[in-house]
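Trainee: Sharing run-v8.pdb below, PDB, C-alpha atoms:
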ATOM      1  CA  MET A  13     116.997  98.070  85.868  1.00  0.00           C
ATOM      2  CA  THR A  14     118.873 101.134  87.132  1.00  0.00           C
ATOM      3  CA  CYS A  15     120.884 100.818  90.339  1.00  0.00           C
ATOM      4  CA  LYS A  16     119.291 102.834  93.141  1.00  0.00           C
ATOM      5  CA  ILE A  17     122.701 103.685  94.565  1.00  0.00           C
ATOM      6  CA  CYS A  18     124.898 104.661  91.616  1.00  0.00           C
ATOM      7  CA  SER A  19     122.358 104.842  88.737  1.00  0.00           C
ATOM      8  CA  LYS A  20     124.271 102.368  86.561  1.00  0.00           C
ATOM      9  CA  GLU A  21     122.451  99.632  84.692  1.00  0.00           C
ATOM     10  CA  ASN A  22     122.034  96.415  86.657  1.00  0.00           C
ATOM     11  CA  LYS A  23     121.664  92.859  85.504  1.00  0.00           C
ATOM     12  CA  VAL A  24     119.442  90.048  86.750  1.00  0.00           C
ATOM     13  CA  ILE A  25     121.499  87.457  88.612  1.00  0.00           C
ATOM     14  CA  PHE A  26     118.713  85.202  89.842  1.00  0.00           C
ATOM     15  CA  SER A  27     114.981  85.013  90.527  1.00  0.00           C
ATOM     16  CA  GLY A  28     113.081  83.697  93.502  1.00  0.00           C
ATOM     17  CA  GLU A  29     109.759  83.449  95.249  1.00  0.00           C
ATOM     18  CA  ILE A  30     108.685  86.081  97.775  1.00  0.00           C
ATOM     19  CA  LEU A  31     105.777  85.654 100.200  1.00  0.00           C
ATOM     20  CA  LYS A  32     105.499  82.116  98.816  1.00  0.00           C
ATOM     21  CA  LYS A  33     103.746  83.332  95.675  1.00  0.00           C
ATOM     22  CA  TYR A  34     105.487  86.187  93.808  1.00  0.00           C
ATOM     23  CA  LYS A  35     108.315  85.439  91.383  1.00  0.00           C
ATOM     24  CA  VAL A  36     110.827  88.275  91.772  1.00  0.00           C
ATOM     25  CA  ASP A  37     114.020  89.168  89.911  1.00  0.00           C
ATOM     26  CA  TYR A  38     117.141  90.248  91.821  1.00  0.00           C
ATOM     27  CA  PHE A  39     119.466  92.775  90.162  1.00  0.00           C
ATOM     28  CA  TYR A  40     123.173  93.184  90.921  1.00  0.00           C
ATOM     29  CA  CYS A  41     125.311  96.249  90.212  1.00  0.00           C
ATOM     30  CA  ASP A  42     128.890  95.546  89.104  1.00  0.00           C
ATOM     31  CA  THR A  43     129.855  99.163  89.849  1.00  0.00           C
ATOM     32  CA  CYS A  44     128.877  99.650  93.508  1.00  0.00           C
ATOM     33  CA  LYS A  45     128.169  95.989  94.395  1.00  0.00           C
ATOM     34  CA  PHE A  46     124.572  96.659  95.432  1.00  0.00           C
ATOM     35  CA  LEU A  47     121.866  94.012  95.140  1.00  0.00           C
ATOM     36  CA  GLN A  48     118.211  94.935  94.844  1.00  0.00           C
ATOM     37  CA  THR A  49     114.930  93.314  93.980  1.00  0.00           C
ATOM     38  CA  GLU A  50     112.805  94.453  91.082  1.00  0.00           C
ATOM     39  CA  GLU A  51     110.365  97.244  91.983  1.00  0.00           C
ATOM     40  CA  PRO A  52     108.697  95.862  95.139  1.00  0.00           C
ATOM     41  CA  TYR A  53     105.001  95.872  94.248  1.00  0.00           C
ATOM     42  CA  TRP A  54     104.261  93.473  97.140  1.00  0.00           C
ATOM     43  CA  LEU A  55     105.185  95.802 100.010  1.00  0.00           C
ATOM     44  CA  ASN A  56     101.654  96.633 101.144  1.00  0.00           C
ATOM     45  CA  GLU A  57     101.099  92.939 101.725  1.00  0.00           C
ATOM     46  CA  ALA A  58     104.537  92.452 103.287  1.00  0.00           C
ATOM     47  CA  TYR A  59     103.886  95.196 105.833  1.00  0.00           C
ATOM     48  CA  LYS A  60     100.568  93.861 107.043  1.00  0.00           C
ATOM     49  CA  TYR A  61     102.599  93.406 110.228  1.00  0.00           C
ATOM     50  CA  PRO A  62     105.287  96.163 110.288  1.00  0.00           C
ATOM     51  CA  ILE A  63     107.383  94.096 112.698  1.00  0.00           C
ATOM     52  CA  ASN A  64     107.217  90.797 110.866  1.00  0.00           C
ATOM     53  CA  ILE A  65     106.371  87.673 112.834  1.00  0.00           C
ATOM     54  CA  TYR A  66     109.673  86.037 111.883  1.00  0.00           C
ATOM     55  CA  ASP A  67     111.706  88.691 113.703  1.00  0.00           C
ATOM     56  CA  THR A  68     112.297  86.683 116.865  1.00  0.00           C
ATOM     57  CA  GLY A  69     115.467  88.692 117.531  1.00  0.00           C
ATOM     58  CA  TYR A  70     113.615  91.981 118.026  1.00  0.00           C
ATOM     59  CA  MET A  71     114.030  92.278 121.804  1.00  0.00           C
ATOM     60  CA  PHE A  72     117.526  90.785 121.890  1.00  0.00           C
ATOM     61  CA  ARG A  73     118.668  93.242 119.193  1.00  0.00           C
ATOM     62  CA  ASN A  74     117.322  96.289 121.032  1.00  0.00           C
ATOM     63  CA  ILE A  75     118.992  95.292 124.285  1.00  0.00           C
ATOM     64  CA  TYR A  76     122.248  94.359 122.547  1.00  0.00           C
ATOM     65  CA  TYR A  77     122.567  97.639 120.623  1.00  0.00           C
ATOM     66  CA  SER A  78     121.488  99.750 123.585  1.00  0.00           C
ATOM     67  CA  LYS A  79     124.580  98.444 125.396  1.00  0.00           C
ATOM     68  CA  ARG A  80     126.954  98.943 122.450  1.00  0.00           C
ATOM     69  CA  LEU A  81     125.588 102.414 121.696  1.00  0.00           C
ATOM     70  CA  THR A  82     125.908 103.451 125.336  1.00  0.00           C
ATOM     71  CA  ILE A  83     129.654 103.023 124.882  1.00  0.00           C
ATOM     72  CA  LEU A  84     129.882 104.402 121.332  1.00  0.00           C
ATOM     73  CA  LEU A  85     127.816 107.554 121.890  1.00  0.00           C
ATOM     74  CA  SER A  86     129.644 108.257 125.144  1.00  0.00           C
ATOM     75  CA  VAL A  87     133.026 108.311 123.415  1.00  0.00           C
ATOM     76  CA  MET A  88     131.781 110.156 120.308  1.00  0.00           C
ATOM     77  CA  PHE A  89     129.570 112.932 121.687  1.00  0.00           C
ATOM     78  CA  SER A  90     129.037 115.197 124.677  1.00  0.00           C
ATOM     79  CA  LYS A  91     126.556 114.393 127.422  1.00  0.00           C
ATOM     80  CA  ASN A  92     124.189 117.022 126.029  1.00  0.00           C
ATOM     81  CA  GLY A  93     123.775 115.366 122.635  1.00  0.00           C
ATOM     82  CA  SER A  94     120.370 114.652 121.087  1.00  0.00           C
ATOM     83  CA  PHE A  95     119.666 111.510 119.095  1.00  0.00           C
ATOM     84  CA  LEU A  96     116.939 110.052 116.918  1.00  0.00           C
ATOM     85  CA  ASP A  97     116.042 106.413 116.352  1.00  0.00           C
ATOM     86  CA  TYR A  98     114.625 106.327 112.824  1.00  0.00           C
ATOM     87  CA  ALA A  99     112.126 103.616 111.909  1.00  0.00           C
ATOM     88  CA  GLY A 100     112.173 102.955 115.636  1.00  0.00           C
ATOM     89  CA  GLY A 101     109.486 100.294 115.747  1.00  0.00           C
ATOM     90  CA  TYR A 102     107.685 100.001 119.077  1.00  0.00           C
ATOM     91  CA  GLY A 103     110.064 102.465 120.758  1.00  0.00           C
ATOM     92  CA  VAL A 104     111.951  99.873 122.799  1.00  0.00           C
ATOM     93  CA  PHE A 105     115.393 101.174 121.837  1.00  0.00           C
ATOM     94  CA  VAL A 106     114.462 104.790 122.592  1.00  0.00           C
ATOM     95  CA  ARG A 107     113.149 103.833 126.019  1.00  0.00           C
ATOM     96  CA  LEU A 108     116.286 101.819 126.798  1.00  0.00           C
ATOM     97  CA  MET A 109     118.575 104.666 125.740  1.00  0.00           C
ATOM     98  CA  ARG A 110     116.620 107.230 127.736  1.00  0.00           C
ATOM     99  CA  ASP A 111     116.833 104.894 130.720  1.00  0.00           C
ATOM    100  CA  ASN A 112     120.597 104.961 130.133  1.00  0.00           C
ATOM    101  CA  GLY A 113     120.624 108.765 130.242  1.00  0.00           C
ATOM    102  CA  PHE A 114     120.633 109.705 126.541  1.00  0.00           C
ATOM    103  CA  ASP A 115     118.289 112.289 125.038  1.00  0.00           C
ATOM    104  CA  PHE A 116     116.749 109.979 122.435  1.00  0.00           C
ATOM    105  CA  TYR A 117     113.651 110.439 120.282  1.00  0.00           C
ATOM    106  CA  TRP A 118     111.507 108.147 118.145  1.00  0.00           C
ATOM    107  CA  ASP A 119     110.338 108.267 114.528  1.00  0.00           C
ATOM    108  CA  ASP A 120     108.481 105.606 112.532  1.00  0.00           C
ATOM    109  CA  LYS A 121     105.896 106.090 109.777  1.00  0.00           C
ATOM    110  CA  TYR A 122     104.481 102.589 109.966  1.00  0.00           C
ATOM    111  CA  THR A 123     104.623 101.322 113.551  1.00  0.00           C
ATOM    112  CA  GLU A 124     102.882 102.349 116.762  1.00  0.00           C
ATOM    113  CA  ASN A 125     105.114 103.888 119.409  1.00  0.00           C
ATOM    114  CA  LYS A 126     104.326 101.736 122.435  1.00  0.00           C
ATOM    115  CA  PHE A 127     107.268 102.338 124.769  1.00  0.00           C
ATOM    116  CA  ALA A 128     108.501 105.882 124.076  1.00  0.00           C
ATOM    117  CA  LYS A 129     105.288 107.884 123.946  1.00  0.00           C
ATOM    118  CA  GLY A 130     105.886 111.582 124.515  1.00  0.00           C
ATOM    119  CA  PHE A 131     109.326 111.425 122.920  1.00  0.00           C
ATOM    120  CA  GLU A 132     108.413 111.433 119.248  1.00  0.00           C
ATOM    121  CA  ASN A 133     110.357 113.435 116.684  1.00  0.00           C
ATOM    122  CA  ASN A 134     108.052 116.452 116.416  1.00  0.00           C
ATOM    123  CA  GLY A 135     110.288 118.763 114.403  1.00  0.00           C
ATOM    124  CA  LYS A 136     111.402 120.883 117.363  1.00  0.00           C
ATOM    125  CA  ILE A 137     114.892 119.422 117.117  1.00  0.00           C
ATOM    126  CA  THR A 138     116.186 120.076 113.613  1.00  0.00           C
ATOM    127  CA  ASN A 139     119.757 118.871 114.083  1.00  0.00           C
ATOM    128  CA  TYR A 140     120.603 115.609 115.851  1.00  0.00           C
ATOM    129  CA  ASP A 141     124.099 114.567 116.875  1.00  0.00           C
ATOM    130  CA  ALA A 142     123.371 111.150 115.378  1.00  0.00           C
ATOM    131  CA  ILE A 143     120.506 109.125 113.939  1.00  0.00           C
ATOM    132  CA  THR A 144     120.330 105.391 114.530  1.00  0.00           C
ATOM    133  CA  LEU A 145     118.702 102.892 112.169  1.00  0.00           C
ATOM    134  CA  PHE A 146     118.724  99.267 113.269  1.00  0.00           C
ATOM    135  CA  GLU A 147     117.748  96.689 110.657  1.00  0.00           C
ATOM    136  CA  VAL A 148     116.334  99.422 108.413  1.00  0.00           C
ATOM    137  CA  PHE A 149     118.625  99.802 105.377  1.00  0.00           C
ATOM    138  CA  GLU A 150     117.586  96.450 103.916  1.00  0.00           C
ATOM    139  CA  HIS A 151     113.965  97.667 103.915  1.00  0.00           C
ATOM    140  CA  LEU A 152     114.617 100.869 101.943  1.00  0.00           C
ATOM    141  CA  ASP A 153     113.036 101.098  98.507  1.00  0.00           C
ATOM    142  CA  ASN A 154     114.953 104.281  97.630  1.00  0.00           C
ATOM    143  CA  PRO A 155     118.064 104.292  99.847  1.00  0.00           C
ATOM    144  CA  THR A 156     119.672 107.469  98.500  1.00  0.00           C
ATOM    145  CA  VAL A 157     116.460 109.466  98.956  1.00  0.00           C
ATOM    146  CA  GLU A 158     116.208 108.301 102.574  1.00  0.00           C
ATOM    147  CA  ILE A 159     119.884 108.991 103.230  1.00  0.00           C
ATOM    148  CA  GLU A 160     119.657 112.494 101.787  1.00  0.00           C
ATOM    149  CA  ASN A 161     116.618 113.285 103.942  1.00  0.00           C
ATOM    150  CA  LEU A 162     118.371 111.994 107.058  1.00  0.00           C
ATOM    151  CA  LEU A 163     121.522 113.991 106.317  1.00  0.00           C
ATOM    152  CA  LYS A 164     119.420 117.151 106.537  1.00  0.00           C
ATOM    153  CA  MET A 165     119.015 116.359 110.244  1.00  0.00           C
ATOM    154  CA  THR A 166     122.441 114.943 111.096  1.00  0.00           C
ATOM    155  CA  LYS A 167     125.910 114.205 109.767  1.00  0.00           C
ATOM    156  CA  THR A 168     126.205 110.875 111.558  1.00  0.00           C
ATOM    157  CA  LEU A 169     124.210 107.739 110.758  1.00  0.00           C
ATOM    158  CA  ILE A 170     124.757 104.676 112.935  1.00  0.00           C
ATOM    159  CA  PHE A 171     123.018 101.574 111.708  1.00  0.00           C
ATOM    160  CA  SER A 172     122.949  97.815 111.432  1.00  0.00           C
ATOM    161  CA  THR A 173     122.465  95.600 108.411  1.00  0.00           C
ATOM    162  CA  ASP A 174     124.090  92.363 107.298  1.00  0.00           C
ATOM    163  CA  ILE A 175     126.749  92.710 104.620  1.00  0.00           C
ATOM    164  CA  LEU A 176     126.256  90.976 101.290  1.00  0.00           C
ATOM    165  CA  PRO A 177     128.914  88.232 101.052  1.00  0.00           C
ATOM    166  CA  ARG A 178     131.540  88.686  98.318  1.00  0.00           C
ATOM    167  CA  SER A 179     130.412  85.456  96.738  1.00  0.00           C
ATOM    168  CA  ILE A 180     126.741  86.261  96.354  1.00  0.00           C
ATOM    169  CA  PRO A 181     124.735  83.442  97.933  1.00  0.00           C
ATOM    170  CA  ASN A 182     121.790  81.800  96.265  1.00  0.00           C
ATOM    171  CA  LEU A 183     118.385  82.484  97.760  1.00  0.00           C
ATOM    172  CA  ASN A 184     118.406  79.245  99.738  1.00  0.00           C
ATOM    173  CA  GLN A 185     121.885  79.966 101.150  1.00  0.00           C
ATOM    174  CA  TRP A 186     121.297  83.267 102.982  1.00  0.00           C
ATOM    175  CA  ASP A 187     118.422  83.734 105.413  1.00  0.00           C
ATOM    176  CA  TYR A 188     118.802  87.517 105.249  1.00  0.00           C
ATOM    177  CA  TYR A 189     116.994  87.637 101.902  1.00  0.00           C
ATOM    178  CA  GLY A 190     113.828  87.276 103.981  1.00  0.00           C
ATOM    179  CA  GLN A 191     111.714  85.753 101.254  1.00  0.00           C
ATOM    180  CA  GLU A 192     109.106  84.553 103.741  1.00  0.00           C
ATOM    181  CA  HIS A 193     108.173  88.103 104.830  1.00  0.00           C
ATOM    182  CA  GLY A 194     109.137  90.073 101.709  1.00  0.00           C
ATOM    183  CA  GLN A 195     110.385  93.160 103.555  1.00  0.00           C
ATOM    184  CA  HIS A 196     114.090  92.909 102.649  1.00  0.00           C
ATOM    185  CA  ILE A 197     114.597  94.440  99.219  1.00  0.00           C
ATOM    186  CA  SER A 198     118.052  96.120  99.359  1.00  0.00           C
ATOM    187  CA  PHE A 199     121.379  94.435 100.125  1.00  0.00           C
ATOM    188  CA  TYR A 200     124.696  96.228 100.562  1.00  0.00           C
ATOM    189  CA  SER A 201     128.355  95.339 100.325  1.00  0.00           C
ATOM    190  CA  ILE A 202     131.254  97.166 101.948  1.00  0.00           C
ATOM    191  CA  GLU A 203     131.899  98.679  98.494  1.00  0.00           C
ATOM    192  CA  THR A 204     128.342 100.000  98.421  1.00  0.00           C
ATOM    193  CA  PHE A 205     128.765 101.869 101.674  1.00  0.00           C
ATOM    194  CA  LYS A 206     132.144 103.228 100.616  1.00  0.00           C
ATOM    195  CA  PHE A 207     130.497 104.514  97.436  1.00  0.00           C
ATOM    196  CA  ILE A 208     127.751 106.185  99.500  1.00  0.00           C
ATOM    197  CA  ALA A 209     130.314 107.712 101.859  1.00  0.00           C
ATOM    198  CA  LYS A 210     132.291 109.192  98.975  1.00  0.00           C
ATOM    199  CA  LYS A 211     129.137 110.517  97.298  1.00  0.00           C
ATOM    200  CA  TYR A 212     128.128 112.466 100.413  1.00  0.00           C
ATOM    201  CA  SER A 213     131.650 113.366 101.601  1.00  0.00           C
ATOM    202  CA  LEU A 214     131.421 111.181 104.682  1.00  0.00           C
ATOM    203  CA  ASN A 215     133.679 108.683 106.411  1.00  0.00           C
ATOM    204  CA  TYR A 216     132.600 105.062 106.602  1.00  0.00           C
ATOM    205  CA  TYR A 217     133.392 102.692 109.453  1.00  0.00           C
ATOM    206  CA  ASN A 218     132.105  99.240 110.190  1.00  0.00           C
ATOM    207  CA  ASP A 219     132.477  96.310 112.521  1.00  0.00           C
ATOM    208  CA  ALA A 220     130.581  93.284 111.208  1.00  0.00           C
ATOM    209  CA  SER A 221     126.921  94.375 111.000  1.00  0.00           C
ATOM    210  CA  LEU A 222     127.401  97.716 112.777  1.00  0.00           C
ATOM    211  CA  HIS A 223     128.051 100.635 110.410  1.00  0.00           C
ATOM    212  CA  ILE A 224     128.738 104.356 110.693  1.00  0.00           C
ATOM    213  CA  LEU A 225     128.518 107.065 108.037  1.00  0.00           C
ATOM    214  CA  THR A 226     129.765 110.342 109.497  1.00  0.00           C
ATOM    215  CA  ASN A 227     131.641 113.560 108.829  1.00  0.00           C
ATOM    216  CA  LEU A 228     133.636 112.857 112.005  1.00  0.00           C
ATOM    217  CA  LYS A 229     136.861 110.915 112.220  1.00  0.00           C
ATOM    218  CA  ILE A 230     136.662 107.980 114.600  1.00  0.00           C
ATOM    219  CA  SER A 231     139.285 105.578 115.809  1.00  0.00           C
ATOM    220  CA  ASN A 232     138.429 102.011 114.865  1.00  0.00           C
ATOM    221  CA  LEU A 233     139.428 101.167 118.420  1.00  0.00           C
ATOM    222  CA  LYS A 234     136.401 103.083 119.700  1.00  0.00           C
ATOM    223  CA  ILE A 235     134.096 101.014 117.533  1.00  0.00           C
ATOM    224  CA  LYS A 236     135.706  97.745 118.599  1.00  0.00           C
ATOM    225  CA  LEU A 237     135.452  98.928 122.202  1.00  0.00           C
ATOM    226  CA  THR A 238     131.673  98.617 121.963  1.00  0.00           C
ATOM    227  CA  LYS A 239     131.994  94.843 121.686  1.00  0.00           C
ATOM    228  CA  LEU A 240     133.112  94.814 125.318  1.00  0.00           C
ATOM    229  CA  ALA A 241     129.513  95.561 126.229  1.00  0.00           C
ATOM    230  CA  LYS A 242     129.042  91.798 126.448  1.00  0.00           C
ATOM    231  CA  PHE A 243     131.473  91.891 129.392  1.00  0.00           C
ATOM    232  CA  GLY A 244     129.572  94.762 131.013  1.00  0.00           C
ATOM    233  CA  LEU A 245     131.764  97.691 129.919  1.00  0.00           C
ATOM    234  CA  HIS A 246     128.666  99.773 129.135  1.00  0.00           C
ATOM    235  CA  LYS A 247     127.936  99.898 132.878  1.00  0.00           C
ATOM    236  CA  PHE A 248     131.111 101.946 133.378  1.00  0.00           C
ATOM    237  CA  TYR A 249     129.699 104.694 131.147  1.00  0.00           C
ATOM    238  CA  LEU A 250     126.375 104.685 133.004  1.00  0.00           C
ATOM    239  CA  TYR A 251     128.066 105.955 136.160  1.00  0.00           C
ATOM    240  CA  SER A 252     128.572 109.390 134.603  1.00  0.00           C
ATOM    241  CA  ARG A 253     125.004 109.630 133.276  1.00  0.00           C
ATOM    242  CA  LYS A 254     121.697 110.229 134.986  1.00  0.00           C
ATOM    243  CA  SER A 255     118.905 107.946 133.868  1.00  0.00           C
ATOM    244  CA  LYS A 256     115.835 109.677 132.466  1.00  0.00           C
ATOM    245  CA  THR A 257     113.457 106.979 133.688  1.00  0.00           C
ATOM    246  CA  TYR A 258     112.002 108.938 136.598  1.00  0.00           C
ATOM    247  CA  SER A 259     112.383 112.427 135.105  1.00  0.00           C
ATOM    248  CA  ASP A 260     110.496 111.205 132.032  1.00  0.00           C
ATOM    249  CA  HIS A 261     107.782 109.844 134.330  1.00  0.00           C
ATOM    250  CA  LEU A 262     107.397 113.270 135.926  1.00  0.00           C
ATOM    251  CA  LEU A 263     107.446 114.998 132.550  1.00  0.00           C
ATOM    252  CA  LEU A 264     104.752 112.731 131.111  1.00  0.00           C
ATOM    253  CA  LYS A 265     102.498 113.362 134.124  1.00  0.00           C
ATOM    254  CA  LYS A 266     102.387 117.028 133.110  1.00  0.00           C
ATOM    255  CA  LEU A 267     101.255 116.325 129.549  1.00  0.00           C
TER
END
Show me, as structure tokens, the structure contained in the file I just sent.
Mentor:
Amino acid sequence: MTCKICSKENKVIFSGEILKKYKVDYFYCDTCKFLQTEEPYWLNEAYKYPINIYDTGYMFRNIYYSKRLTILLSVMFSKNGSFLDYAGGYGVFVRLMRDNGFDFYWDDKYTENKFAKGFENNGKITNYDAITLFEVFEHLDNPTVEIENLLKMTKTLIFSTDILPRSIPNLNQWDYYGQEHGQHISFYSIETFKFIAKKYSLNYYNDASLHILTNLKISNLKIKLTKLAKFGLHKFYLYSRKSKTYSDHLLLKKL
């Protein structure tokens, strides 16, 4: 099978059961250290529920990253920046970020926008300061195609995904394989993201599961600063921003 990142030939490293019934081969690339399943013919079944029932961390994750991104976006961009949450699920993150004073919009092909109605990506904004993707990369069937499409709208991607350990775990050793729901089909190493960054002339930064691909140069200190959100540092940055909660309410009443 051809690697979907670097186009080199991959080799099968193990097989396992997905959705408790499909035997699936996993292919590993020695060149860019990317791991992928065989062509995922089971996706229609896997996405019966776009937000899978096993994702008990959905609300925690949105709240957690809204705090970290309040710090990160404040130190990276001007107050007038526009942002897009891609594959934004129910719109929770967009609503939280707009409540925090950021001009955020929603986009998702498969999930109903429940919490950010009226702030969908409608094509009027063609260039975003940054696009966020939380727990999305592992779902991508053709990562480079998605990345190239996103880079037409921005030069900064901020996203989360768990890094493939250097010693590749067996299927029963790493919960992130997500065999029970079948939606995780692409797994990345640090080397994979460095390869992607070089391919598209971008810089790559990461802190654990938080990653940035951008044409900007960022101090690693700024990224580590976001961890202080757990001590409430994000509240400091809210003082200089005006929440869009009420202004959005007034705007939606006019629609």
Trainee: Using all atoms listed in the file, which residue out of A:Val36, A:Leu237, A:Val104, A:Leu183 lies closest to Phe72 of chain A?
Mentor: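 Result for the nearest residue to Phe72 of chain A: A:Val104.
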Trainee: Nearest residue to Gly130 of chain A out of A:Lys32, A:Arg107, A:His196, A:Arg253, using all atoms listed in the file?
Mentor: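 Nearest to Gly130 of chain A: A:Arg107.
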Trainee: Which one is closest to Ser231 of chain A: A:Met88, A:Asn184, A:Asn64, A:Cys44? Count all atoms listed in the file.
Mentor: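 Using all atoms listed in the file, Ser231 of chain A sits closest to A:Met88.
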Trainee: Once the PyMOL selection byres ((chain A and resi 190) around 12) has been evaluated on this model, what residues remain selected, and can you format them as a ChimeraX atom specification?
Mentor: /A:28-32,49,58,64-67,150-151,174,183-189,191-199
Trainee: Would you compute the distance between atom CA of Ala241 of chain A and atom CA of Glu203 of chain A? Give it in Å to one decimal.
Mentor: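 Atom-to-atom, atom CA of Ala241 of chain A to atom CA of Glu203 of chain A, that is 28.0 Å.
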Trainee: Would you fill the gaps in segment 51-68 of chain A so it has N, CA and C atoms, then print it as a CSV table (one decimal), keeping the file's coordinate frame?
Mentor:
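Writing the result to result.csv gives the following:
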chain,number,residue,atom,x,y,z
A,51,GLU,N,111.2,96.3,91.2
A,51,GLU,CA,110.4,97.2,92.0
A,51,GLU,C,109.4,96.5,92.9
A,52,PRO,N,109.4,96.7,94.2
A,52,PRO,CA,108.7,95.9,95.1
A,52,PRO,C,107.2,96.2,95.2
A,53,TYR,N,106.4,95.6,94.3
A,53,TYR,CA,105.0,95.9,94.2
A,53,TYR,C,104.2,95.2,95.4
A,54,TRP,N,104.9,94.3,96.1
A,54,TRP,CA,104.3,93.5,97.1
A,54,TRP,C,104.4,94.1,98.6
A,55,LEU,N,104.9,95.3,98.7
A,55,LEU,CA,105.2,95.8,100.0
A,55,LEU,C,104.0,96.0,100.9
A,56,ASN,N,102.9,96.4,100.3
A,56,ASN,CA,101.7,96.6,101.1
A,56,ASN,C,101.3,95.3,101.8
A,57,GLU,N,101.4,94.2,101.1
A,57,GLU,CA,101.1,92.9,101.7
A,57,GLU,C,102.2,92.5,102.7
A,58,ALA,N,103.4,92.8,102.4
A,58,ALA,CA,104.5,92.5,103.3
A,58,ALA,C,104.5,93.2,104.6
A,59,TYR,N,103.9,94.4,104.6
A,59,TYR,CA,103.9,95.2,105.8
A,59,TYR,C,102.5,95.1,106.5
A,60,LYS,N,101.8,94.1,106.3
A,60,LYS,CA,100.6,93.9,107.0
A,60,LYS,C,100.9,93.9,108.5
A,61,TYR,N,102.1,93.3,108.9
A,61,TYR,CA,102.6,93.4,110.2
A,61,TYR,C,103.9,94.1,110.1
A,62,PRO,N,104.0,95.4,110.5
A,62,PRO,CA,105.3,96.2,110.3
A,62,PRO,C,106.5,95.5,110.9
A,63,ILE,N,106.3,94.9,112.1
A,63,ILE,CA,107.4,94.1,112.7
A,63,ILE,C,107.0,92.7,112.4
A,64,ASN,N,107.7,92.1,111.4
A,64,ASN,CA,107.2,90.8,110.9
A,64,ASN,C,107.3,89.7,111.9
A,65,ILE,N,106.5,88.7,111.8
A,65,ILE,CA,106.4,87.7,112.8
A,65,ILE,C,107.6,86.8,112.9
A,66,TYR,N,108.5,86.9,111.9
A,66,TYR,CA,109.7,86.0,111.9
A,66,TYR,C,110.8,86.7,112.6
A,67,ASP,N,110.6,87.9,113.1
A,67,ASP,CA,111.7,88.7,113.7
A,67,ASP,C,111.8,88.3,115.2
A,68,THR,N,112.2,87.1,115.5
A,68,THR,CA,112.3,86.7,116.9
A,68,THR,C,113.5,87.3,117.6
